Structures are given as C-alpha cells and as structure tokens.
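K.L.:
Can you keep this structure in mind? I'll have questions shortly.
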Amino acid sequence: MDTLDDLVDDGVSDEELVHELNALLFGGHETSATTIHFFFFLMALHPDYQESCRREIDQVFEDPFQAPDGNLTFEALAGLKYVERCLLETMRLYPSGFAIMRNLKKSLTIDYEGKQVNVPAGTNVVIVPWVIHRNADYYPNPAEFDPDRFLPEECAKRHPYAYLAFSAGPRNCIGWKFGMNEMKTVAAYVLRNFRLSTTDKLEDVALLPNVTLTPQRDYTFMFEKRIHK
Ligand code: HEM
C-alpha cells in the first residue's frame with residue numbers, strides 16, 4: 001500500500017497532498033458526524049424503531065463472544081443488521097452528500113421523457129441524491145421513515161444507483177465501510193446506555209445546504225439512563 005512518502009516520491013506535489021488529506025479528513029468526519037446526529041433524531045422521533053435497534057444491540061452486548069468485557073468485536077458490528085438498515089434509511093432521507101458535482105469529460109446522451117438529450121463534454125452536472133432518494137417510483141411514501149426498504153429483497157428490486165448516500169461508480173466513497181462501522185459503534189454504545197427522546201419536530205429545524213447537509217441548529221435530546229442488572 002502507498003504511504004504518503006511513496007506518493008511524494010511518485011511526484012505528487014505538496015498542494016495535491018493537502019487536497020487529498022483535506023478530502024480524507026473532511027469526507028471522513030463531517031459526513032458520519034451529521035449522519036449520526038440525524039439518526040439519533042429519527043430514533044427519538046420513532047421510539048418503536050429505537051426499541052427494535054436496542055433489542056438487537058442488547059443481544060450483542062449480552063453475548064460474551066460478541067462483546068468480550070463489554071467491547072464490541074467487528075463481527076458483532078457486522079451482525080447489527082437492523083441498526084444498519086436504520087442508518088441507511090437515515091441517509092436516504094438525509095444524505096450528507098445531498099448533491100454530487102461532476103464536469104463531463106465526454107458527451108452524454110440521456111433519455112428524458114422519451115427524448116434523447118445530448119449533454120456536451122465540459123458541462124457541469126449536478127446529481128442530487130436528496131431528490132433521487134425521494135422519488136416515489138423507487139421509494140413509495142418517500143417521506144416516511146421505513147428501515148425495511150433496505151431488506152436485501154427490497155434492495156434487489158431497485159436500480160443500484162437509486163441509492164447514492166455514498167455516491168456510486170468508480171469515484172464513490174472510499175470510506176463507507178469504515179463510516180458504517182463508526183456510526184454503528186456510536187449507535188450501539190449510546191442506545192445501549194440511554195433512551196432518547198426529543199421535544200423537536202422535523203419541521204422545527206431548517207436544513208442548510210452547506211458542503212454537507214446540516215441542521216440549522218442541533219436537535220434537542222433528552223437522555224434517560226438505562227440501568228443494566
Ligand atoms: C456516513 C459516512 C460517509 C458518507 C455519507 C460519505 C459520502 C460520500 C460521498 C457522497 C462521496 C462522493 C462525493 C463526490 O463525488 O462529490 C464520498 C467520497 C469520498 N469519501 Fe466518503 N462518506 C462517508 C464516510 C467517509 C469516511 C469515513 C472516509 C474516510 C475515512 C471517507 C472518504 C471519502 C473520500 C476520500 C472520498 C473521495 C473519493 C474519490 O473522489 O475517489 N468518507 N463520500
């Protein structure tokens with residue numbers, strides 16, 4: 001694997017290196033931090049889904065092979081399938097990368113309402129996961145939070161590019177597995193130890209189209225400590 005020194009030896013300039021590091025640090029932090037914020041808010045709004053996550057999390061914590069000394073193993077994280085579906089559904093509704101921009105290197109012909117439309121090379125194109133994720137053709141009742149949309153058999157019915165939380169194709173997110181494990185870890189420890197509720201409603205907090213999708217203010221949470229026997 002290339003180290004930073006190898007990259008410098010390969011002729012990568014300091015400026016390019018700074019761009020790469022910025023992409024890694026920014027792409028790796030802000031995205032997962034805002035997603036987990038939205039996830040906890042949706043869990044607070046939907047106590048039934050929160051409880052289903054907690055049941056799955058409790059099972060894992062109570063198995064000494066999956067959580068030796070109370071520490072989750074990678075296998076245990078992989079087994080948190082319901083939590084995973086809730087995170088995927090969170091990112092469907094609130095994709096931190098709500099718009100993805102590309103400059104076309106080659107011209108592109110797209111089918112638009114039965115007409116062939118040519119988009120010339122050099123055009124700046126914006127792909128908007130926020131809109132695609134709310135298309136009722138792919139996601140019936142799109143405004144509704146429903147983690148079962150991410151059951152394997154439901155995913156198999158959709159075009160693979162109908163879900164773009166981590167983008168898709170050759171320049172998709174390189175850190176998505178790490179990001180999912182990071183978010184599952186935070187979700188598991190918080191929901192294991194606290195019940196979350198909120199006095200906010202979805203419409204109380206505007207969403208800002210910053211570089212990532214950002215709530216205008218933090219949501220308000222109440223944490224009720226759980227006592228484990
Ligand atoms: C919830 C977590 C994450 C989400 C939702 C997310 C989302 C995305 C999206 C949508 C893109 C495509 C952006 C574009 O093309 O304009 C992207 C690219 C990228 N992500 Fe993530 N990401 C996450 C976590 C991470 C983590 C943890 C890392 C690194 C440790 C990371 C590193 C990157 C990098 C380096 C790229 C650029 C890849 C390229 O251009 O070839 N991401 N991510």
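Ligands are numbered from 1 in the order shown, chains are lettered A, B, ... in the order of the structure tokens, and residues start at 1 in each chain.
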Can you list, as a PyMOL selection string, every protein, DNA or RNA residue that comes within 7 Å of segment 204-212 of chain A when you count only C-alpha atoms, leaving out same-chain residues fewer than 3 positions away?

P.N.:
chain A and resi 31+96-98+200-201+215-217

K.L.:
I want to know what sits within 12 Å of Tyr82 of chain A, based on only C-alpha atoms, with residues of the same chain fewer than 3 positions away left out; could you give that as a PDB file with N, CA and C atoms, in the first residue's frame?

P.N.:
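What landed in selection21.pdb:
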```pdb
ATOM      1  N   TYR A  49     -38.899   2.139  16.468  1.00  0.00           N
ATOM      2  CA  TYR A  49     -37.691   1.721  15.746  1.00  0.00           C
ATOM      3  C   TYR A  49     -36.479   1.761  16.683  1.00  0.00           C
ATOM      4  N   GLN A  50     -36.470   2.759  17.565  1.00  0.00           N
ATOM      5  CA  GLN A  50     -35.359   2.859  18.526  1.00  0.00           C
ATOM      6  C   GLN A  50     -35.311   1.596  19.391  1.00  0.00           C
ATOM      7  N   GLU A  51     -36.496   1.130  19.823  1.00  0.00           N
ATOM      8  CA  GLU A  51     -36.562  -0.055  20.682  1.00  0.00           C
ATOM      9  C   GLU A  51     -36.099  -1.300  19.920  1.00  0.00           C
ATOM     10  N   SER A  52     -36.466  -1.379  18.634  1.00  0.00           N
ATOM     11  CA  SER A  52     -36.019  -2.542  17.837  1.00  0.00           C
ATOM     12  C   SER A  52     -34.499  -2.543  17.702  1.00  0.00           C
ATOM     13  N   CYS A  53     -33.920  -1.355  17.508  1.00  0.00           N
ATOM     14  CA  CYS A  53     -32.439  -1.274  17.457  1.00  0.00           C
ATOM     15  C   CYS A  53     -31.881  -1.742  18.791  1.00  0.00           C
ATOM     16  N   ARG A  54     -32.482  -1.276  19.883  1.00  0.00           N
ATOM     17  CA  ARG A  54     -31.944  -1.582  21.217  1.00  0.00           C
ATOM     18  C   ARG A  54     -32.005  -3.081  21.495  1.00  0.00           C
ATOM     19  N   ARG A  55     -33.092  -3.736  21.046  1.00  0.00           N
ATOM     20  CA  ARG A  55     -33.191  -5.191  21.260  1.00  0.00           C
ATOM     21  C   ARG A  55     -32.021  -5.895  20.581  1.00  0.00           C
ATOM     22  N   GLU A  56     -31.726  -5.466  19.344  1.00  0.00           N
ATOM     23  CA  GLU A  56     -30.615  -6.090  18.610  1.00  0.00           C
ATOM     24  C   GLU A  56     -29.282  -5.796  19.316  1.00  0.00           C
ATOM     25  N   ILE A  57     -29.128  -4.562  19.769  1.00  0.00           N
ATOM     26  CA  ILE A  57     -27.876  -4.143  20.429  1.00  0.00           C
ATOM     27  C   ILE A  57     -27.704  -4.888  21.758  1.00  0.00           C
ATOM     28  N   LEU A  77     -20.353  -5.920  15.143  1.00  0.00           N
ATOM     29  CA  LEU A  77     -20.829  -4.765  14.358  1.00  0.00           C
ATOM     30  C   LEU A  77     -21.478  -5.245  13.058  1.00  0.00           C
ATOM     31  N   ALA A  78     -20.835  -6.229  12.417  1.00  0.00           N
ATOM     32  CA  ALA A  78     -21.382  -6.744  11.153  1.00  0.00           C
ATOM     33  C   ALA A  78     -22.770  -7.339  11.368  1.00  0.00           C
ATOM     34  N   GLY A  79     -23.003  -7.868  12.570  1.00  0.00           N
ATOM     35  CA  GLY A  79     -24.289  -8.513  12.849  1.00  0.00           C
ATOM     36  C   GLY A  79     -25.406  -7.519  13.164  1.00  0.00           C
ATOM     37  N   ARG A  85     -29.873  -1.014   8.772  1.00  0.00           N
ATOM     38  CA  ARG A  85     -30.987  -0.581   7.919  1.00  0.00           C
ATOM     39  C   ARG A  85     -31.486   0.798   8.352  1.00  0.00           C
ATOM     40  N   CYS A  86     -31.506   1.027   9.665  1.00  0.00           N
ATOM     41  CA  CYS A  86     -31.961   2.352  10.147  1.00  0.00           C
ATOM     42  C   CYS A  86     -30.970   3.441   9.730  1.00  0.00           C
ATOM     43  N   LEU A  87     -29.675   3.119   9.725  1.00  0.00           N
ATOM     44  CA  LEU A  87     -28.686   4.120   9.289  1.00  0.00           C
ATOM     45  C   LEU A  87     -28.831   4.387   7.786  1.00  0.00           C
ATOM     46  N   LEU A  88     -29.038   3.319   7.010  1.00  0.00           N
ATOM     47  CA  LEU A  88     -29.198   3.504   5.552  1.00  0.00           C
ATOM     48  C   LEU A  88     -30.441   4.343   5.264  1.00  0.00           C
ATOM     49  N   GLU A  89     -31.517   4.068   6.025  1.00  0.00           N
ATOM     50  CA  GLU A  89     -32.751   4.827   5.817  1.00  0.00           C
ATOM     51  C   GLU A  89     -32.566   6.284   6.261  1.00  0.00           C
ATOM     52  N   ASP A 146     -38.741   4.235   6.978  1.00  0.00           N
ATOM     53  CA  ASP A 146     -39.061   2.808   6.968  1.00  0.00           C
ATOM     54  C   ASP A 146     -37.796   1.987   6.665  1.00  0.00           C
ATOM     55  N   PRO A 147     -37.144   1.486   7.738  1.00  0.00           N
ATOM     56  CA  PRO A 147     -35.879   0.762   7.525  1.00  0.00           C
ATOM     57  C   PRO A 147     -36.022  -0.498   6.669  1.00  0.00           C
ATOM     58  N   ASP A 148     -37.251  -1.047   6.568  1.00  0.00           N
ATOM     59  CA  ASP A 148     -37.415  -2.279   5.782  1.00  0.00           C
ATOM     60  C   ASP A 148     -37.182  -2.055   4.289  1.00  0.00           C
ATOM     61  N   ARG A 149     -37.095  -0.810   3.871  1.00  0.00           N
ATOM     62  CA  ARG A 149     -36.739  -0.551   2.460  1.00  0.00           C
ATOM     63  C   ARG A 149     -35.358  -1.130   2.151  1.00  0.00           C
ATOM     64  N   PHE A 150     -34.566  -1.375   3.207  1.00  0.00           N
ATOM     65  CA  PHE A 150     -33.201  -1.859   2.990  1.00  0.00           C
ATOM     66  C   PHE A 150     -33.047  -3.338   3.318  1.00  0.00           C
ATOM     67  N   LEU A 151     -34.186  -4.045   3.410  1.00  0.00           N
ATOM     68  CA  LEU A 151     -34.096  -5.517   3.440  1.00  0.00           C
ATOM     69  C   LEU A 151     -33.492  -5.960   2.109  1.00  0.00           C
ATOM     70  N   PRO A 152     -32.669  -7.023   2.124  1.00  0.00           N
ATOM     71  CA  PRO A 152     -31.987  -7.408   0.874  1.00  0.00           C
ATOM     72  C   PRO A 152     -32.951  -7.567  -0.295  1.00  0.00           C
ATOM     73  N   LYS A 184     -22.196   2.651  13.521  1.00  0.00           N
ATOM     74  CA  LYS A 184     -22.811   1.549  14.273  1.00  0.00           C
ATOM     75  C   LYS A 184     -22.258   1.514  15.694  1.00  0.00           C
ATOM     76  N   ALA A 187     -23.834   4.332  17.650  1.00  0.00           N
ATOM     77  CA  ALA A 187     -25.253   3.998  17.856  1.00  0.00           C
ATOM     78  C   ALA A 187     -25.385   2.936  18.948  1.00  0.00           C
ATOM     79  N   ALA A 188     -24.531   1.900  18.880  1.00  0.00           N
ATOM     80  CA  ALA A 188     -24.666   0.777  19.810  1.00  0.00           C
ATOM     81  C   ALA A 188     -24.390   1.224  21.246  1.00  0.00           C
TER      82      ALA A 188
END
```

K.L.:
Here is a test: counting only C-alpha atoms, which residue of A:Leu21, A:Met43, A:Ala136, A:Leu108 is nearest to Ala162 of chain A?

P.N.:
A:Ala136

K.L.:
Just want the 9 Å neighbourhood of Val128 of chain A, counted on only C-alpha atoms, with same-chain residues fewer than 3 positions away dropped. Output as a PDB file with N, CA and C atoms, in the first residue's frame.

P.N.:
```
ATOM      1  N   GLY A  97     -24.100  13.973   1.689  1.00  0.00           N
ATOM      2  CA  GLY A  97     -23.703  14.432   0.345  1.00  0.00           C
ATOM      3  C   GLY A  97     -24.967  14.594  -0.478  1.00  0.00           C
ATOM      4  N   PHE A  98     -25.696  15.681  -0.250  1.00  0.00           N
ATOM      5  CA  PHE A  98     -27.036  15.819  -0.863  1.00  0.00           C
ATOM      6  C   PHE A  98     -26.945  16.171  -2.346  1.00  0.00           C
ATOM      7  N   ALA A  99     -25.767  16.664  -2.783  1.00  0.00           N
ATOM      8  CA  ALA A  99     -25.572  16.985  -4.204  1.00  0.00           C
ATOM      9  C   ALA A  99     -24.144  16.601  -4.580  1.00  0.00           C
ATOM     10  N   ILE A 100     -24.009  15.962  -5.729  1.00  0.00           N
ATOM     11  CA  ILE A 100     -22.692  15.492  -6.180  1.00  0.00           C
ATOM     12  C   ILE A 100     -22.414  16.164  -7.526  1.00  0.00           C
ATOM     13  N   MET A 101     -21.254  16.790  -7.645  1.00  0.00           N
ATOM     14  CA  MET A 101     -20.976  17.549  -8.875  1.00  0.00           C
ATOM     15  C   MET A 101     -19.917  16.858  -9.726  1.00  0.00           C
ATOM     16  N   VAL A 131     -33.009  14.414  -4.082  1.00  0.00           N
ATOM     17  CA  VAL A 131     -34.201  14.283  -4.936  1.00  0.00           C
ATOM     18  C   VAL A 131     -34.408  12.820  -5.323  1.00  0.00           C
ATOM     19  N   ILE A 132     -33.325  12.152  -5.734  1.00  0.00           N
ATOM     20  CA  ILE A 132     -33.447  10.747  -6.178  1.00  0.00           C
ATOM     21  C   ILE A 132     -33.994   9.889  -5.027  1.00  0.00           C
ATOM     22  N   HIS A 133     -33.524  10.149  -3.809  1.00  0.00           N
ATOM     23  CA  HIS A 133     -33.953   9.362  -2.641  1.00  0.00           C
ATOM     24  C   HIS A 133     -35.405   9.617  -2.260  1.00  0.00           C
ATOM     25  N   LEU A 164     -27.737   6.773  -3.386  1.00  0.00           N
ATOM     26  CA  LEU A 164     -26.438   7.407  -3.648  1.00  0.00           C
ATOM     27  C   LEU A 164     -25.842   8.057  -2.402  1.00  0.00           C
TER      28      LEU A 164
END
```

K.L.:
Which protein, DNA or RNA residues have an atom within 10 Å of ligand 1, counting only C-alpha atoms and all ligand atoms, as a PyMOL selection string?

P.N.:
chain A and resi 19-36+87-88+90-92+94-102+126-127+129+164-183+211-212

K.L.:
Report, in Å to a single decimal, how far apart atom CA of Ile110 of chain A and atom CA of Asp137 of chain A are.

P.N.:
18.5 Å

K.L.:
Smallest atom-to-atom distance to Phe40 of chain A: which of A:Asn118, A:Asn103, A:Thr109, A:Thr220, using only C-alpha atoms?

P.N.:
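Closest to Phe40 of chain A of all the choices is A:Thr220.
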
K.L.:
What parts of segment 13-150 of chain A does DSSP call alpha helix (DSSP H)? I'd like the answer as a ChimeraX atom specification.

P.N.:
/A:14-45,47-61,74-79,81-93,129-132

K.L.:
Show which residues sit within 12 Å of Arg226 of chain A, as a PDB file with all heavy atoms, in the first residue's frame. Count only C-alpha atoms, and ignore same-chain residues fewer than 5 positions away.

P.N.:
```pdb
ATOM      1  N   ARG A  54     -32.482  -1.276  19.883  1.00  0.00           N
ATOM      2  CA  ARG A  54     -31.944  -1.582  21.217  1.00  0.00           C
ATOM      3  C   ARG A  54     -32.005  -3.081  21.495  1.00  0.00           C
ATOM      4  O   ARG A  54     -31.082  -3.648  22.078  1.00  0.00           O
ATOM      5  CB  ARG A  54     -32.719  -0.784  22.272  1.00  0.00           C
ATOM      6  CG  ARG A  54     -32.103  -0.870  23.641  1.00  0.00           C
ATOM      7  CD  ARG A  54     -32.732   0.089  24.612  1.00  0.00           C
ATOM      8  NE  ARG A  54     -32.449   1.476  24.303  1.00  0.00           N
ATOM      9  CZ  ARG A  54     -33.337   2.360  23.841  1.00  0.00           C
ATOM     10  NH1 ARG A  54     -34.574   2.002  23.613  1.00  0.00           N
ATOM     11  NH2 ARG A  54     -32.981   3.591  23.601  1.00  0.00           N
ATOM     12  N   ASP A  58     -28.789  -5.008  22.532  1.00  0.00           N
ATOM     13  CA  ASP A  58     -28.708  -5.717  23.828  1.00  0.00           C
ATOM     14  C   ASP A  58     -28.256  -7.156  23.629  1.00  0.00           C
ATOM     15  O   ASP A  58     -27.419  -7.671  24.364  1.00  0.00           O
ATOM     16  CB  ASP A  58     -30.080  -5.704  24.522  1.00  0.00           C
ATOM     17  CG  ASP A  58     -30.342  -4.384  25.244  1.00  0.00           C
ATOM     18  OD1 ASP A  58     -29.397  -3.558  25.330  1.00  0.00           O
ATOM     19  OD2 ASP A  58     -31.476  -4.158  25.703  1.00  0.00           O
ATOM     20  N   TYR A 189     -23.322   1.983  21.475  1.00  0.00           N
ATOM     21  CA  TYR A 189     -22.992   2.367  22.861  1.00  0.00           C
ATOM     22  C   TYR A 189     -24.013   3.361  23.408  1.00  0.00           C
ATOM     23  O   TYR A 189     -24.385   3.276  24.579  1.00  0.00           O
ATOM     24  CB  TYR A 189     -21.562   2.919  22.948  1.00  0.00           C
ATOM     25  CG  TYR A 189     -20.533   1.813  22.920  1.00  0.00           C
ATOM     26  CD1 TYR A 189     -19.939   1.409  21.732  1.00  0.00           C
ATOM     27  CD2 TYR A 189     -20.186   1.131  24.085  1.00  0.00           C
ATOM     28  CE1 TYR A 189     -19.014   0.365  21.693  1.00  0.00           C
ATOM     29  CE2 TYR A 189     -19.260   0.091  24.069  1.00  0.00           C
ATOM     30  CZ  TYR A 189     -18.687  -0.285  22.864  1.00  0.00           C
ATOM     31  OH  TYR A 189     -17.787  -1.319  22.839  1.00  0.00           O
ATOM     32  N   VAL A 190     -24.478   4.265  22.578  1.00  0.00           N
ATOM     33  CA  VAL A 190     -25.448   5.258  23.082  1.00  0.00           C
ATOM     34  C   VAL A 190     -26.796   4.586  23.364  1.00  0.00           C
ATOM     35  O   VAL A 190     -27.372   4.745  24.443  1.00  0.00           O
ATOM     36  CB  VAL A 190     -25.593   6.450  22.099  1.00  0.00           C
ATOM     37  CG1 VAL A 190     -26.758   7.354  22.509  1.00  0.00           C
ATOM     38  CG2 VAL A 190     -24.291   7.254  22.064  1.00  0.00           C
ATOM     39  N   LEU A 191     -27.300   3.791  22.402  1.00  0.00           N
ATOM     40  CA  LEU A 191     -28.630   3.197  22.610  1.00  0.00           C
ATOM     41  C   LEU A 191     -28.605   2.094  23.673  1.00  0.00           C
ATOM     42  O   LEU A 191     -29.618   1.803  24.301  1.00  0.00           O
ATOM     43  CB  LEU A 191     -29.202   2.663  21.292  1.00  0.00           C
ATOM     44  CG  LEU A 191     -29.499   3.732  20.227  1.00  0.00           C
ATOM     45  CD1 LEU A 191     -30.134   3.112  18.992  1.00  0.00           C
ATOM     46  CD2 LEU A 191     -30.398   4.843  20.763  1.00  0.00           C
ATOM     47  N   ARG A 192     -27.439   1.492  23.888  1.00  0.00           N
ATOM     48  CA  ARG A 192     -27.311   0.511  24.972  1.00  0.00           C
ATOM     49  C   ARG A 192     -27.493   1.200  26.335  1.00  0.00           C
ATOM     50  O   ARG A 192     -28.054   0.656  27.258  1.00  0.00           O
ATOM     51  CB  ARG A 192     -25.911  -0.131  24.888  1.00  0.00           C
ATOM     52  CG  ARG A 192     -25.506  -0.993  26.074  1.00  0.00           C
ATOM     53  CD  ARG A 192     -26.184  -2.329  26.048  1.00  0.00           C
ATOM     54  NE  ARG A 192     -25.667  -3.209  27.088  1.00  0.00           N
ATOM     55  CZ  ARG A 192     -26.365  -4.200  27.623  1.00  0.00           C
ATOM     56  NH1 ARG A 192     -27.596  -4.451  27.219  1.00  0.00           N
ATOM     57  NH2 ARG A 192     -25.836  -4.971  28.554  1.00  0.00           N
ATOM     58  N   ASN A 193     -27.005   2.413  26.423  1.00  0.00           N
ATOM     59  CA  ASN A 193     -26.963   3.082  27.731  1.00  0.00           C
ATOM     60  C   ASN A 193     -28.039   4.132  27.953  1.00  0.00           C
ATOM     61  O   ASN A 193     -28.247   4.558  29.094  1.00  0.00           O
ATOM     62  CB  ASN A 193     -25.578   3.714  27.939  1.00  0.00           C
ATOM     63  CG  ASN A 193     -24.540   2.629  28.157  1.00  0.00           C
ATOM     64  OD1 ASN A 193     -24.617   1.882  29.128  1.00  0.00           O
ATOM     65  ND2 ASN A 193     -23.605   2.491  27.225  1.00  0.00           N
ATOM     66  N   PHE A 194     -28.694   4.578  26.885  1.00  0.00           N
ATOM     67  CA  PHE A 194     -29.685   5.649  27.039  1.00  0.00           C
ATOM     68  C   PHE A 194     -30.911   5.404  26.175  1.00  0.00           C
ATOM     69  O   PHE A 194     -30.807   4.868  25.076  1.00  0.00           O
ATOM     70  CB  PHE A 194     -29.081   7.008  26.627  1.00  0.00           C
ATOM     71  CG  PHE A 194     -27.892   7.409  27.438  1.00  0.00           C
ATOM     72  CD1 PHE A 194     -26.604   7.148  26.980  1.00  0.00           C
ATOM     73  CD2 PHE A 194     -28.049   8.048  28.663  1.00  0.00           C
ATOM     74  CE1 PHE A 194     -25.492   7.503  27.736  1.00  0.00           C
ATOM     75  CE2 PHE A 194     -26.943   8.412  29.421  1.00  0.00           C
ATOM     76  CZ  PHE A 194     -25.667   8.140  28.959  1.00  0.00           C
ATOM     77  N   ARG A 195     -32.065   5.887  26.690  1.00  0.00           N
ATOM     78  CA  ARG A 195     -33.260   6.023  25.845  1.00  0.00           C
ATOM     79  C   ARG A 195     -33.308   7.473  25.401  1.00  0.00           C
ATOM     80  O   ARG A 195     -33.143   8.382  26.219  1.00  0.00           O
ATOM     81  CB  ARG A 195     -34.535   5.715  26.632  1.00  0.00           C
ATOM     82  CG  ARG A 195     -34.737   4.270  26.863  1.00  0.00           C
ATOM     83  CD  ARG A 195     -36.203   3.895  27.136  1.00  0.00           C
ATOM     84  NE  ARG A 195     -36.290   2.452  27.049  1.00  0.00           N
ATOM     85  CZ  ARG A 195     -35.854   1.631  28.012  1.00  0.00           C
ATOM     86  NH1 ARG A 195     -35.359   2.114  29.131  1.00  0.00           N
ATOM     87  NH2 ARG A 195     -35.921   0.323  27.848  1.00  0.00           N
ATOM     88  N   LEU A 196     -33.541   7.691  24.101  1.00  0.00           N
ATOM     89  CA  LEU A 196     -33.521   9.062  23.578  1.00  0.00           C
ATOM     90  C   LEU A 196     -34.932   9.536  23.301  1.00  0.00           C
ATOM     91  O   LEU A 196     -35.759   8.789  22.784  1.00  0.00           O
ATOM     92  CB  LEU A 196     -32.752   9.124  22.254  1.00  0.00           C
ATOM     93  CG  LEU A 196     -31.315   8.645  22.225  1.00  0.00           C
ATOM     94  CD1 LEU A 196     -30.712   8.903  20.853  1.00  0.00           C
ATOM     95  CD2 LEU A 196     -30.502   9.347  23.298  1.00  0.00           C
TER      96      LEU A 196
END
```

K.L.:
Identify, with DSSP run on backbone atoms, the residues in segment 4-154 of chain A assigned to strand (DSSP E or B), and express the list as JSON, numbers by chain.

P.N.:
{"A": [100, 101, 102, 103, 108, 109, 110, 111, 112, 115, 116, 117, 118, 119, 124, 125, 126, 127]}

K.L.:
Give me, as JSON, numbers by chain, all polymer residues having an atom no more than 9 Å from Ala143 of chain A, counting only C-alpha atoms and skipping those fewer than 4 positions away in the same chain.

P.N.:
{"A": [93, 134, 139]}
